[in-house]
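Read the structure below first, then the notes.
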Amino acid sequence: MMERKTMGIALCAMFTLPLIYQCRQAPEKEKTKTEEIGYYEEPFRPQYHFSPPEMWMNDPNGLVYHQGVYHLFYQYYPEDIVWGPMHWGHATSSDLLHWENKPIALYPDENGLIFSGSAVIDHENTSGLGREENPPLVAIFTYHDMEKEKAGSNDHQTQGVAYSLDNGETFTMYEENPVLLNSEFRDFRDPKVFWDEDMKQWVMALVAGDHLRLYHSDNLLEWTYMSRFGKDQGAHGGVWECPDLFELQVEGTDEKKWVLLISINPGAPNGGSGTQYFVGDFDGITFTSEQQEAKWLDWGTDNYAGVTYNNTPGGERIFIGWMSNWDYARDTPTEVWRSAMTLPRKLSLAKYGGEYTLVNYPIDGVEDLLVEEARLNLHVPAGEEKSIGLVNGSQSRLRFKAPVADLSFVLKNDSGEALVLELDREEGLFSLDRSASGLVDFHETFGRVQQMPLENLGEGELDFDIFLDASSVEVFINKGQFAMTAQVFPTSPYSALAIRNSGSETTQIGDLRVDSVARIWKD
Ligand code: FRU
């Protein structure tokens with residue numbers, strides 16, 4: 001028998017030109033661009049952060065753990081590298097670091113596109129969509145109806161349900177979708193659902209433009225409005241998106257508080273998209289907080305729409321954010337895929353200077369990816385610069401301790417590009433200047449300097465932790481008391497770290513550790 005491929009070509013030869021094209025495609029599955037170039041080896045491709053095999057990705061969705069599997073669903077447009085009709089893409093992992101790409105989980109249907117949302121394990125089968133021996137994995141998401149949006153009424157965003165009885169491998173749309181209608185709000189989306197053990201109810205946190213709305217349900221299918229929060233609190237420079245609500249114990253105490261995450265676009269402290277949070281209380285009906293001003297989970301421009309996992313084994317709060325910004329997300333210089341996720345970060349609540357602070361820091365598992373490169377201490381006299389070489393600068397982790405002083409940490413490459421991180425003692429500021437870090441002119445705002453005030457610092461040195469991965473940098477100070485995440489597009493790897501001391505005293509950079517970070521993708 002003739003081999004499939006050869007047979008295809010032979011048959012094509014007998015047809016007219018327009019048909020030849022179809023014939024060529026039919027017998028063999030076409031290679032994806034990623035497969036052509038090398039699996040996850042394209043320019044700027046992150047090596048230890050999740051990014052989709054190809055095409056456009058935005059928010060993480062449906063973060064849930066079930067039977068040994070962490071699910072990462074995400075806003076996905078499979079036809080282009082710019083935003084388009086949204087699907088839920090899907091990847092799974094057993095450790096939140098090594099990911100396996102899965103087929104698209106949810107496709108748009110007659111109710112609309114599939115916008116952001118969450119997923120739960122309905123252990124008691126309250127929805128009746130599974131069986132108690134095989135509880136359903138239930139996804140709750142926003143339907144966005146483009147036609148209705150064009151018509152100009154406010155009924156185009158509703159909430160829908162889909163369920164899986166094989167741990168996320170396949171989904172069925174609930175027949176009576178949508179489960180929560182709306183004709184009041186132009187923006188009415190991004191349901192985060194969780195089980196409230198105290199009240200024995202499902203709770204849905206949803207945003208409606210400028211505020212949070214809470215609903216409850218016994219069965220995930222019928223929802224009743226409970227309360228709202230936030231019209232006059234926090235930042236309101238843009239639309240509220242992607243809420244999350246959860247309880248955390250304050251480090252070192254018995255006190256428990258509730259934390260509300262709200263992404264906002266625009267209106268972030270360094271421009272465009274960002275994630276604010278509120279610390280307060282939830283009594284099963286209403287969330288309240290005394291906090292008037294926004295607090296920011298991450299001061300960098302590239303950590304948006306982040307939410308946390310449901311149903312984690314140890315009950316830890318694990319967060320993943322989308323490492324981009326709506327200001328320029330569509331313009332970044334990648335060709336095969338667009339954007340990546342942050343490292344998975346563990347959230348905890350601490351008090352610094354009497355103020356509740358949401359601490360976010362990469363999960364411990366990241367340690368397993370490290371390969372030691374160098375360990376040293378550096379003296380940098382006043383007015384001088386000391387430099388060390390980086391073996392694997394585009395895929396590494398740098399750690400050191402530094403005093404609050406006038407210091408710059410400059411990552412340089414052989415193409416004359418530099419990413420400048422700076423500490424300003426007088427102003428109590430940390431800044432990230434990527435204006436000469438590589439490709440920057442694809443958008444006018446990309447080169448702007450980003451600043452982060454270092455408030456409520458304790459005594460002693462600052463503890464720096466910097467993750468570089470092809471096209472991103474994540475900076476953590478004091479194990480996540482401060483975080484700053486940004487994309488960068490250097491045209492060659494950063495090959496040196498220069499430490500410049502512009503203060504008047506010799507500075508000791510202690511415990512400087514450089515590690516390579518292993519690639520997570522299979523070759
Ligand atoms: C946030 C967001 C969500 C929405 C989704 C659409 O980035 O705007 O509010 O559900 O993206 O892709």
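Residue numbering restarts at 1 in every chain; chains get A, B, ... in the order shown in the structure tokens, and ligands count up from 1 in that same order.
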Name the residues of range 137-239 of chain A that fall into strand (DSSP E or B) according to DSSP on the backbone, using the chain letters and numbers of this document, as a PyMOL selection string. chain A and resi 137-144+157-164+172-173+180+189-196+201-207+212-217+224-229+239
Select from range 196-249 of chain A every residue with an atom at most 9 Å from any atom of range 111-122 of chain A, then for each give the shortest pair of atoms and their distance in Å to one decimal, using only C-alpha atoms, rows by chain and rising number, as CSV.
```
residue,atom,partner,partner_atom,distance
A:Asn219,CA,A:Asp122,CA,8.8
A:Leu220,CA,A:Asp122,CA,8.7
A:Cys242,CA,A:Ser116,CA,7.4
```
Write the residues of the selection above to a file with all heavy atoms, as an mmCIF file, in the first residue's frame.
```cif
data_model
loop_
_atom_site.group_PDB
_atom_site.id
_atom_site.type_symbol
_atom_site.label_atom_id
_atom_site.label_comp_id
_atom_site.auth_asym_id
_atom_site.auth_seq_id
_atom_site.Cartn_x
_atom_site.Cartn_y
_atom_site.Cartn_z
ATOM 1 N N ASN A 219 -25.862 25.292 44.529
ATOM 2 C CA ASN A 219 -25.637 24.253 43.520
ATOM 3 C C ASN A 219 -24.820 24.698 42.306
ATOM 4 O O ASN A 219 -24.769 23.981 41.306
ATOM 5 C CB ASN A 219 -26.989 23.721 43.037
ATOM 6 C CG ASN A 219 -27.842 24.827 42.426
ATOM 7 O OD1 ASN A 219 -27.369 25.950 42.238
ATOM 8 N ND2 ASN A 219 -29.088 24.519 42.112
ATOM 9 N N LEU A 220 -24.224 25.865 42.365
ATOM 10 C CA LEU A 220 -23.384 26.422 41.288
ATOM 11 C C LEU A 220 -24.191 26.828 40.045
ATOM 12 O O LEU A 220 -23.618 27.317 39.070
ATOM 13 C CB LEU A 220 -22.288 25.428 40.850
ATOM 14 C CG LEU A 220 -21.200 25.087 41.866
ATOM 15 C CD1 LEU A 220 -20.418 23.843 41.429
ATOM 16 C CD2 LEU A 220 -20.234 26.261 42.042
ATOM 17 N N CYS A 242 -11.210 40.723 36.998
ATOM 18 C CA CYS A 242 -10.593 39.529 37.619
ATOM 19 C C CYS A 242 -10.460 39.582 39.144
ATOM 20 O O CYS A 242 -9.342 39.635 39.680
ATOM 21 C CB CYS A 242 -9.226 39.286 36.996
ATOM 22 S SG CYS A 242 -9.322 39.068 35.233
#
```
Note to self: Can you tell me which residues surround Lys200 in chain A at a distance of at most 12 Å, considering only C-alpha atoms, apart from same-chain residues fewer than 5 positions away, and format the answer as a count of residues only?
What the structure shows: 9
**Prompt:** Near Ser495 in chain A, within 12 Å and counting only C-alpha atoms, which residues show up once chain neighbours fewer than 6 positions away are dropped, as a list in words?
**Reply:** Ser387, Ile388, Gly389, Leu390, Val391, Asn392, Gly393, Ser394, Gln395, Ser396, Val410, Leu411, Lys412, Asn413, Asp414, Ser415, Gly416, Glu417, Ala418, Leu419 and Leu468 of chain A
| message | When you look at range 180-183 of chain A with a cut-off of 10 Å (counting only C-alpha atoms), what residues show up, excluding the ones that are within fewer than 2 positions of it in the same chain? I need them as a VMD selection string. | response | chain A and resid 142 to 143 153 to 161 177 to 178 185 to 188 215 221 to 224
Restricting to only C-alpha atoms and all ligand atoms, whichever of A:Ala151, A:Val64, A:Ala305, A:Leu214 is closest to ligand 1 is A:Ala305
Tell me which protein, DNA and RNA residues are within 6 Å of range 287-303 of chain A, counting only C-alpha atoms, leaving out same-chain ones fewer than 6 positions away, and put them as a PyMOL selection string. chain A and resi 233-235+275-277+280-281+321-325+452+483-486
Show me which residues sit within 10 Å of ligand 1 when counting only C-alpha atoms and all ligand atoms, and put them as a PyMOL selection string. chain A and resi 57-61+74-77+83-88+113-117+141-144+157+187-191+207-209+239-243+263-265+273-274+304-306+322+324-326
Write the residues of the preceding selection, restricted to C-alpha atoms, as a compact mmCIF listing (two decimals), in the first residue's frame.
```
# COMPACT_ATOMS: atom_id res chain seq x y z
CA MET A 57 -2.83 34.31 25.44
CA ASN A 58 -4.07 36.60 28.21
CA ASP A 59 -5.50 35.97 31.70
CA PRO A 60 -5.02 32.75 33.67
CA ASN A 61 -8.42 31.09 34.17
CA TYR A 74 -6.15 30.67 30.01
CA GLN A 75 -7.74 33.24 27.72
CA TYR A 76 -6.73 32.06 24.27
CA TYR A 77 -7.20 33.07 20.65
CA TRP A 83 -6.59 39.28 21.00
CA GLY A 84 -9.61 37.79 19.21
CA PRO A 85 -12.64 35.61 19.95
CA MET A 86 -11.76 34.05 23.27
CA HIS A 87 -11.47 30.34 24.08
CA TRP A 88 -10.04 28.66 27.16
CA LEU A 113 -17.10 34.13 23.59
CA ILE A 114 -15.54 32.53 26.65
CA PHE A 115 -14.07 35.23 28.86
CA SER A 116 -12.28 34.83 32.20
CA GLY A 117 -13.51 32.74 35.10
CA PHE A 141 -16.88 31.84 33.21
CA THR A 142 -18.18 34.95 31.47
CA TYR A 143 -19.97 34.74 28.15
CA HIS A 144 -19.38 37.78 25.98
CA GLN A 157 -21.97 39.76 29.50
CA ASP A 187 -18.94 45.24 32.43
CA PHE A 188 -20.13 42.21 34.36
CA ARG A 189 -17.50 39.54 34.42
CA ASP A 190 -14.68 37.30 35.61
CA PRO A 191 -16.45 35.11 38.24
CA VAL A 207 -16.85 42.64 39.00
CA ALA A 208 -19.23 45.20 37.54
CA GLY A 209 -17.15 48.08 36.19
CA VAL A 239 -12.34 49.11 34.89
CA TRP A 240 -12.24 46.55 37.70
CA GLU A 241 -11.47 43.05 36.42
CA CYS A 242 -10.59 39.53 37.62
CA PRO A 243 -11.49 39.55 41.33
CA SER A 263 -7.14 43.94 38.68
CA ILE A 264 -7.59 47.36 37.17
CA ASN A 265 -7.03 48.62 33.65
CA SER A 273 -2.81 47.39 33.92
CA GLY A 274 -2.11 46.36 37.52
CA TYR A 304 -2.09 41.45 35.44
CA ALA A 305 -5.35 39.54 35.92
CA GLY A 306 -3.68 37.21 38.44
CA TRP A 322 -0.48 37.26 33.13
CA SER A 324 1.77 41.62 30.18
CA ASN A 325 -0.06 44.94 30.09
CA TRP A 326 -3.01 45.98 27.94
```
With distances taken over only C-alpha atoms, the candidate from A:Met55, A:Val279, A:Val420, A:Leu245 nearest Val82 in chain A is A:Met55
Which residues are close to range 453-463 of chain A, i.e. within 7 Å by only C-alpha atoms, leaving aside same-chain residues fewer than 3 positions away? Reply as an mmCIF file with C-alpha atoms, in the first residue's frame.
```
data_model
loop_
_atom_site.group_PDB
_atom_site.id
_atom_site.type_symbol
_atom_site.label_atom_id
_atom_site.label_comp_id
_atom_site.auth_asym_id
_atom_site.auth_seq_id
_atom_site.Cartn_x
_atom_site.Cartn_y
_atom_site.Cartn_z
ATOM 1 C CA TYR A 352 5.025 45.558 58.300
ATOM 2 C CA GLY A 353 5.027 48.806 60.278
ATOM 3 C CA PHE A 400 22.122 39.221 47.079
ATOM 4 C CA LYS A 401 21.832 41.379 50.166
ATOM 5 C CA ALA A 402 22.358 45.104 49.911
ATOM 6 C CA PRO A 403 21.977 48.041 52.278
ATOM 7 C CA VAL A 404 19.457 50.797 51.582
ATOM 8 C CA GLY A 428 13.233 55.356 49.535
ATOM 9 C CA LEU A 429 12.559 54.202 45.988
ATOM 10 C CA PHE A 430 13.386 51.236 43.819
ATOM 11 C CA ILE A 477 12.672 42.353 47.734
ATOM 12 C CA ASN A 478 12.571 40.917 51.252
ATOM 13 C CA LYS A 479 11.073 37.617 50.106
#
```
With distances taken over only C-alpha atoms, the candidate from A:Arg45, A:His211, A:His90, A:Lys346 nearest Gly238 in chain A is A:His211
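Secondary structure of range 144-357 of chain A, alpha helix (DSSP H) only (DSSP, backbone atoms): Met146, Glu147, Lys148, Glu149, Lys150 and Ala151 of chain A.
Among A:Tyr65, A:Phe229, A:Tyr70, A:Tyr328, the residue with the shortest atom-to-atom distance to Gln487 in chain A, counting only C-alpha atoms, is A:Tyr328.
For the choices A:Leu96, A:Gly130, A:Gly447, A:Val193, the atom-to-atom distance to Ile320 in chain A is smallest for A:Leu96 when using only C-alpha atoms.
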Counting only C-alpha atoms, closest pick from A:Ile499, A:Ile81, A:Leu343, A:Leu129 relative to Leu97 in chain A is A:Leu343
Here CA of Ile262 in chain A and CA of His236 in chain A stand apart by 10.6 Å
